[in-house]
Amino acid sequence: MKIKVEHIIGFLSIFLGIITIILTLHFPKFNIGKEKVPGPSFFPNIIAFFLIFVGILEFFEAKHSTRYVFLQGVNKKGMRNVLIIVLAIFLYTISLIPLGFIITTFLFSLAIMYLLGVGKIKSIVYSFIVLAILILIFEKLFRIPLPGGFLNLYI
Amino acid sequence: MLEALAGIFKLHVLVPWILAMFFGIFVGGVPGLTATMAVALLVPLSYYMSPIAGLAMIIGVEFTAIFAGDIPATFLRIPGTPASGAAILDGYELTKKGKGSLALSIDLVASALGGLVGILILIFISSALANFALKFTNFEYFWMGVFGLSMSAIITTGSKIKGLFSVLLGLLVSTVGMDITTGYPRFTFGITNLMSGVNFILVMIGLFGLSEALKYISNPASLKMPSINEKISITFRSIFGILWKFKKTFFASSLIGTIVGALPGAGADIAAWVAYGTSKKTSKNKESFGHGNIEGVIAPTSANNAALGGTWIPTLVFGIPGDSITAIVLGAMMMYGLTPGPLIFQQNRALVNSIFSIALISQLLLVIIGFIGIKSYSYILKLPRNVIMTGVIIFSMVGSYALNNNVFDIGVMLFFGILGFLFEKAGIPLPPLILALILGPMIENNLRIGLVKTSGNLLPFFTRPISFTLVIIIIISFFGDSMLKLIKNKMRR
């Protein structure tokens, strides 16, 4: 049997439903006096039940489906680009506090524009403009403190 | 009323009012900055002004920010504010067809007219509507939530089962965080940042904004083209012609918006989804919804601005905020020495008339200021798509960070961005997830509190008059079409 998109979704749905039920087993019961009332696990369990049900329905839907490719219309180069962007955002997230907003954002912008085919000079110019706009809006206008990073020690 | 008009056409009121409206366009147009944030930022400034000038600023910024949220939603598929979530569906599809500015111009006029309807309802039947809203208890709120959720079945294009999967995932995400009744942390895995739940603005930025950028990036050939390829040459005559053609959709959506807005806790975001679902359900062109249908633009945009008028109903009449914005307004009014509630209509009639006049005139100003906003935004979008997409990614990240000054939020946005990208590629619709995430707490809390009140008895959920009516409406919205087809077939035989 060839695996179809619906099989994957169905499996995920059932898996999520079961995991939810297992996790809610540790949730405390909720009583008012001697009366049992719906506790923290009540609603997630209803959702879990429906997730399992939908998962089973997806397996039935798979019978009429012809979709075998999960990521339709994505070639190798496209997928590589997506993975690089995801990795870059992750790196941005972890380096924002230590390196500071200015350095991290400028480098991120430069790298992404270069990756997406914007020329070298244009990438530098646009990155400066983007950075200036962001600082103007968030820090100067809205007084949202952006991380200064190690530069804070010198400025 | 004339006295009130004379009172607001003074320089010390007009200048901050118009500036605040431009500020609203700017805030609403930047993803991550919300209308609530804009109002909150203006309130401290308003303390140095007269109450009328302060209220003019707040009302002005509220209406323009909610409209402006539709600008990035239509051009870039990133909702500027949560109320613009439903405006993405057809607005962005029209942009892809080179009709983005037409969609936004219709959106602008529908928003202003929708706001006008909401305000007129506020003026004429505010106390009656507020009394009706006060009859809603947990049972009715539960069904209102379910009714809102039933819209997900209507807005889903493609497989309904995949739509249901998306709904359930949204509901599950809505349960993350501290349980409201017991304070028990659910699905937080020891992560303190998840204690307060998953912020749905982050989910929206990730699912719609970042995922769209990833979609383009996964197709390198599309990156060298300009983001929008159209000239803005729209006449207001043609827009009014289109609105006149779809007047039923417009009036029904504005009415839905006002009623939903009048329910405390249910704001412009829920109103927009309910109006979108209802108009799709009743439209003759159901199939084209989600593929660039003009009705799909008119319905959510007129409803979200009409809802703003609705949110002022419980605020002014009972002193109960209709949404987060009016909660701030309530605080500001108290700082001005004004006490909202039934007595305000007798003791401070002049002020109430001024509020109504400001709200009405704000709709006219919205058209002018909004048009300038659309034009300025479209200049930025003339840049190549690879530059714009970099901007989208950076704004998504910085906007997410700015919500709570927390890098963890960028991670949450990234997670939902990847999820959105995978879901779209797998044919799983995204709007039901957002709808469920917004409505989840309303459904769960009211169901549980209702069950506590009745000692686990479900019967009162069905027997109360308004509850019963809502159940019937839900059944009709789910099975109305099939029942009608069945009856028609039997009649033919």
# chains A, B, ... in the order shown; residues from 1 in each chain; ligands from 1
>>> interface_residues(of="chain A", to="chain B", cutoff="7 Å", atoms="only C-alpha atoms", output="CSV table (one decimal) with N, CA and C atoms, in the first residue's frame")
chain,number,residue,atom,x,y,z
A,5,VAL,N,-1.4,11.3,1.5
A,5,VAL,CA,-1.4,12.4,2.5
A,5,VAL,C,-2.4,12.2,3.6
A,37,VAL,N,-17.1,18.0,39.5
A,37,VAL,CA,-17.5,18.9,38.4
A,37,VAL,C,-16.4,18.8,37.3
A,38,PRO,N,-16.7,19.3,36.1
A,38,PRO,CA,-15.7,19.1,35.0
A,38,PRO,C,-14.4,19.8,35.3
A,40,PRO,N,-9.9,20.2,34.7
A,40,PRO,CA,-9.1,20.7,33.6
A,40,PRO,C,-8.9,19.7,32.4
A,43,PHE,N,-12.4,19.2,28.9
A,43,PHE,CA,-12.5,19.7,27.5
A,43,PHE,C,-11.4,19.1,26.6
A,44,PRO,N,-10.1,19.0,27.0
A,44,PRO,CA,-9.1,18.4,26.2
A,44,PRO,C,-9.5,16.9,25.8
A,47,ILE,N,-11.9,16.9,23.0
A,47,ILE,CA,-11.2,17.2,21.7
A,47,ILE,C,-10.4,16.0,21.3
A,51,LEU,N,-10.5,14.0,17.8
A,51,LEU,CA,-9.3,13.8,17.0
A,51,LEU,C,-9.1,12.4,16.6
A,54,VAL,N,-11.7,11.8,13.9
A,54,VAL,CA,-11.4,12.4,12.6
A,54,VAL,C,-10.2,11.7,11.9
A,58,GLU,N,-10.2,10.1,8.2
A,58,GLU,CA,-9.1,10.4,7.2
A,58,GLU,C,-8.7,9.2,6.5
A,70,PHE,N,3.3,14.8,0.0
A,70,PHE,CA,2.9,15.7,1.1
A,70,PHE,C,3.1,17.2,0.8
A,71,LEU,N,4.4,17.5,0.3
A,71,LEU,CA,4.7,18.9,0.0
A,71,LEU,C,4.6,19.1,-1.5
A,72,GLN,N,3.3,19.4,-1.9
A,72,GLN,CA,3.1,19.5,-3.3
A,72,GLN,C,3.7,20.8,-3.9
A,74,VAL,N,6.9,21.6,-4.3
A,74,VAL,CA,8.1,22.1,-3.7
A,74,VAL,C,9.3,21.3,-4.3
A,78,GLY,N,13.9,24.7,-3.6
A,78,GLY,CA,12.9,25.5,-2.8
A,78,GLY,C,12.9,25.0,-1.3
A,79,MET,N,13.0,23.6,-1.2
A,79,MET,CA,13.0,23.1,0.2
A,79,MET,C,14.2,23.5,0.9
A,81,ASN,N,15.9,26.2,0.5
A,81,ASN,CA,15.7,27.6,0.9
A,81,ASN,C,14.9,27.7,2.2
A,82,VAL,N,13.8,27.0,2.2
A,82,VAL,CA,12.9,27.0,3.3
A,82,VAL,C,13.6,26.6,4.6
A,93,THR,N,16.6,34.0,16.8
A,93,THR,CA,16.0,34.0,18.1
A,93,THR,C,17.0,33.8,19.2
A,109,SER,N,18.9,40.1,7.9
A,109,SER,CA,18.3,40.7,6.6
A,109,SER,C,19.3,40.6,5.5
A,112,ILE,N,19.3,36.9,4.3
A,112,ILE,CA,18.1,36.4,3.7
A,112,ILE,C,18.0,37.0,2.3
A,113,MET,N,18.3,38.3,2.2
A,113,MET,CA,18.2,39.0,0.9
A,113,MET,C,19.2,38.4,-0.1
A,116,LEU,N,17.9,35.1,-1.3
A,116,LEU,CA,16.8,35.2,-2.2
A,116,LEU,C,17.1,35.9,-3.5
A,118,VAL,N,18.7,39.0,-4.1
A,118,VAL,CA,18.8,40.4,-4.2
A,118,VAL,C,20.3,40.7,-4.3
A,144,ILE,N,9.3,50.6,22.6
A,144,ILE,CA,9.4,49.2,22.9
A,144,ILE,C,10.9,48.9,23.0
>>> select_by_dssp(residues="region 13-136 of chain A", states="alpha helix (DSSP H)", output="mmCIF file with C-alpha atoms, in the first residue's frame")
data_model
loop_
_atom_site.group_PDB
_atom_site.id
_atom_site.type_symbol
_atom_site.label_atom_id
_atom_site.label_comp_id
_atom_site.auth_asym_id
_atom_site.auth_seq_id
_atom_site.Cartn_x
_atom_site.Cartn_y
_atom_site.Cartn_z
ATOM 1 C CA SER A 13 -4.767 13.010 14.357
ATOM 2 C CA ILE A 14 -5.062 9.665 16.167
ATOM 3 C CA PHE A 15 -1.584 10.062 17.656
ATOM 4 C CA LEU A 16 -2.420 13.560 18.956
ATOM 5 C CA GLY A 17 -5.708 12.295 20.397
ATOM 6 C CA ILE A 18 -4.001 9.443 22.262
ATOM 7 C CA ILE A 19 -1.157 11.679 23.514
ATOM 8 C CA THR A 20 -3.730 14.209 24.763
ATOM 9 C CA ILE A 21 -5.597 11.504 26.697
ATOM 10 C CA ILE A 22 -2.339 10.200 28.216
ATOM 11 C CA LEU A 23 -1.246 13.694 29.244
ATOM 12 C CA THR A 24 -4.613 14.499 30.830
ATOM 13 C CA PHE A 42 -12.752 17.612 30.635
ATOM 14 C CA PHE A 43 -12.475 19.736 27.471
ATOM 15 C CA PRO A 44 -9.125 18.354 26.194
ATOM 16 C CA ASN A 45 -10.592 14.839 26.477
ATOM 17 C CA ILE A 46 -13.585 15.804 24.341
ATOM 18 C CA ILE A 47 -11.159 17.219 21.736
ATOM 19 C CA ALA A 48 -9.023 14.058 21.943
ATOM 20 C CA PHE A 49 -12.049 11.862 21.314
ATOM 21 C CA PHE A 50 -12.922 13.871 18.208
ATOM 22 C CA LEU A 51 -9.277 13.843 17.028
ATOM 23 C CA ILE A 52 -9.266 10.044 17.086
ATOM 24 C CA PHE A 53 -12.611 10.015 15.279
ATOM 25 C CA VAL A 54 -11.354 12.439 12.599
ATOM 26 C CA GLY A 55 -8.174 10.353 12.235
ATOM 27 C CA ILE A 56 -10.271 7.275 11.449
ATOM 28 C CA LEU A 57 -12.353 9.302 8.971
ATOM 29 C CA GLU A 58 -9.135 10.429 7.247
ATOM 30 C CA PHE A 59 -8.184 6.782 6.639
ATOM 31 C CA PHE A 60 -11.561 6.335 4.934
ATOM 32 C CA GLU A 61 -11.006 9.534 2.939
ATOM 33 C CA ALA A 62 -7.636 8.169 1.816
ATOM 34 C CA LYS A 76 14.777 20.464 -3.860
ATOM 35 C CA LYS A 77 16.094 24.029 -4.191
ATOM 36 C CA GLY A 78 12.871 25.450 -2.762
ATOM 37 C CA MET A 79 12.976 23.051 0.166
ATOM 38 C CA ARG A 80 16.619 23.924 0.810
ATOM 39 C CA ASN A 81 15.711 27.630 0.890
ATOM 40 C CA VAL A 82 12.871 26.990 3.347
ATOM 41 C CA LEU A 83 15.139 24.987 5.648
ATOM 42 C CA ILE A 84 17.812 27.705 5.562
ATOM 43 C CA ILE A 85 15.227 30.386 6.427
ATOM 44 C CA VAL A 86 13.851 28.308 9.315
ATOM 45 C CA LEU A 87 17.373 27.737 10.607
ATOM 46 C CA ALA A 88 18.189 31.441 10.210
ATOM 47 C CA ILE A 89 15.084 32.453 12.221
ATOM 48 C CA PHE A 90 16.064 29.971 14.904
ATOM 49 C CA LEU A 91 19.594 31.425 15.008
ATOM 50 C CA TYR A 92 18.129 34.945 15.101
ATOM 51 C CA THR A 93 15.974 33.973 18.082
ATOM 52 C CA ILE A 94 18.863 32.612 20.121
ATOM 53 C CA SER A 95 21.332 35.367 19.224
ATOM 54 C CA LEU A 96 18.963 38.354 19.596
ATOM 55 C CA ILE A 97 19.632 38.860 23.310
ATOM 56 C CA PRO A 98 23.427 38.307 23.395
ATOM 57 C CA LEU A 99 24.283 40.070 20.110
ATOM 58 C CA PHE A 101 18.869 43.831 17.865
ATOM 59 C CA ILE A 102 20.977 45.984 15.520
ATOM 60 C CA ILE A 103 23.678 43.432 14.670
ATOM 61 C CA THR A 104 21.373 40.397 14.567
ATOM 62 C CA THR A 105 18.666 42.037 12.463
ATOM 63 C CA PHE A 106 21.139 43.570 10.012
ATOM 64 C CA LEU A 107 22.979 40.280 9.511
ATOM 65 C CA PHE A 108 19.721 38.337 9.215
ATOM 66 C CA SER A 109 18.302 40.746 6.649
ATOM 67 C CA LEU A 110 21.538 40.721 4.657
ATOM 68 C CA ALA A 111 21.744 36.927 4.652
ATOM 69 C CA ILE A 112 18.111 36.388 3.665
ATOM 70 C CA MET A 113 18.173 38.980 0.877
ATOM 71 C CA TYR A 114 21.374 37.510 -0.495
ATOM 72 C CA LEU A 115 19.870 34.011 -0.338
ATOM 73 C CA LYS A 120 25.014 42.521 -2.918
ATOM 74 C CA ILE A 121 24.835 46.331 -2.843
ATOM 75 C CA LYS A 122 21.042 46.358 -2.851
ATOM 76 C CA SER A 123 21.006 43.865 0.039
ATOM 77 C CA ILE A 124 23.196 46.171 2.135
ATOM 78 C CA VAL A 125 21.138 49.284 1.294
ATOM 79 C CA TYR A 126 17.760 47.614 1.896
ATOM 80 C CA SER A 127 18.999 46.032 5.137
ATOM 81 C CA PHE A 128 20.028 49.459 6.451
ATOM 82 C CA ILE A 129 16.639 50.903 5.468
ATOM 83 C CA VAL A 130 14.709 48.013 7.080
ATOM 84 C CA LEU A 131 16.770 48.362 10.260
ATOM 85 C CA ALA A 132 16.235 52.132 10.400
ATOM 86 C CA ILE A 133 12.458 51.740 9.907
ATOM 87 C CA LEU A 134 12.236 49.070 12.605
#
>>> atom_distance(atom1="CA of Leu263 (chain B)", atom2="CA of Gln347 (chain B)")
25.1 Å
>>> select_by_dssp(residues="region 27-139 of chain A", states="strand (DSSP E)", output="NGL selection string")
:A and (30-32 or 35-37)
>>> write_last_selection(atoms="C-alpha atoms", output="mmCIF file, in the first residue's frame")
data_model
loop_
_atom_site.group_PDB
_atom_site.id
_atom_site.type_symbol
_atom_site.label_atom_id
_atom_site.label_comp_id
_atom_site.auth_asym_id
_atom_site.auth_seq_id
_atom_site.Cartn_x
_atom_site.Cartn_y
_atom_site.Cartn_z
ATOM 1 C CA PHE A 30 -12.039 18.939 40.430
ATOM 2 C CA ASN A 31 -14.656 18.708 43.179
ATOM 3 C CA ILE A 32 -16.894 21.299 44.777
ATOM 4 C CA GLU A 35 -19.826 16.963 43.902
ATOM 5 C CA LYS A 36 -17.623 16.077 40.914
ATOM 6 C CA VAL A 37 -17.463 18.891 38.380
#
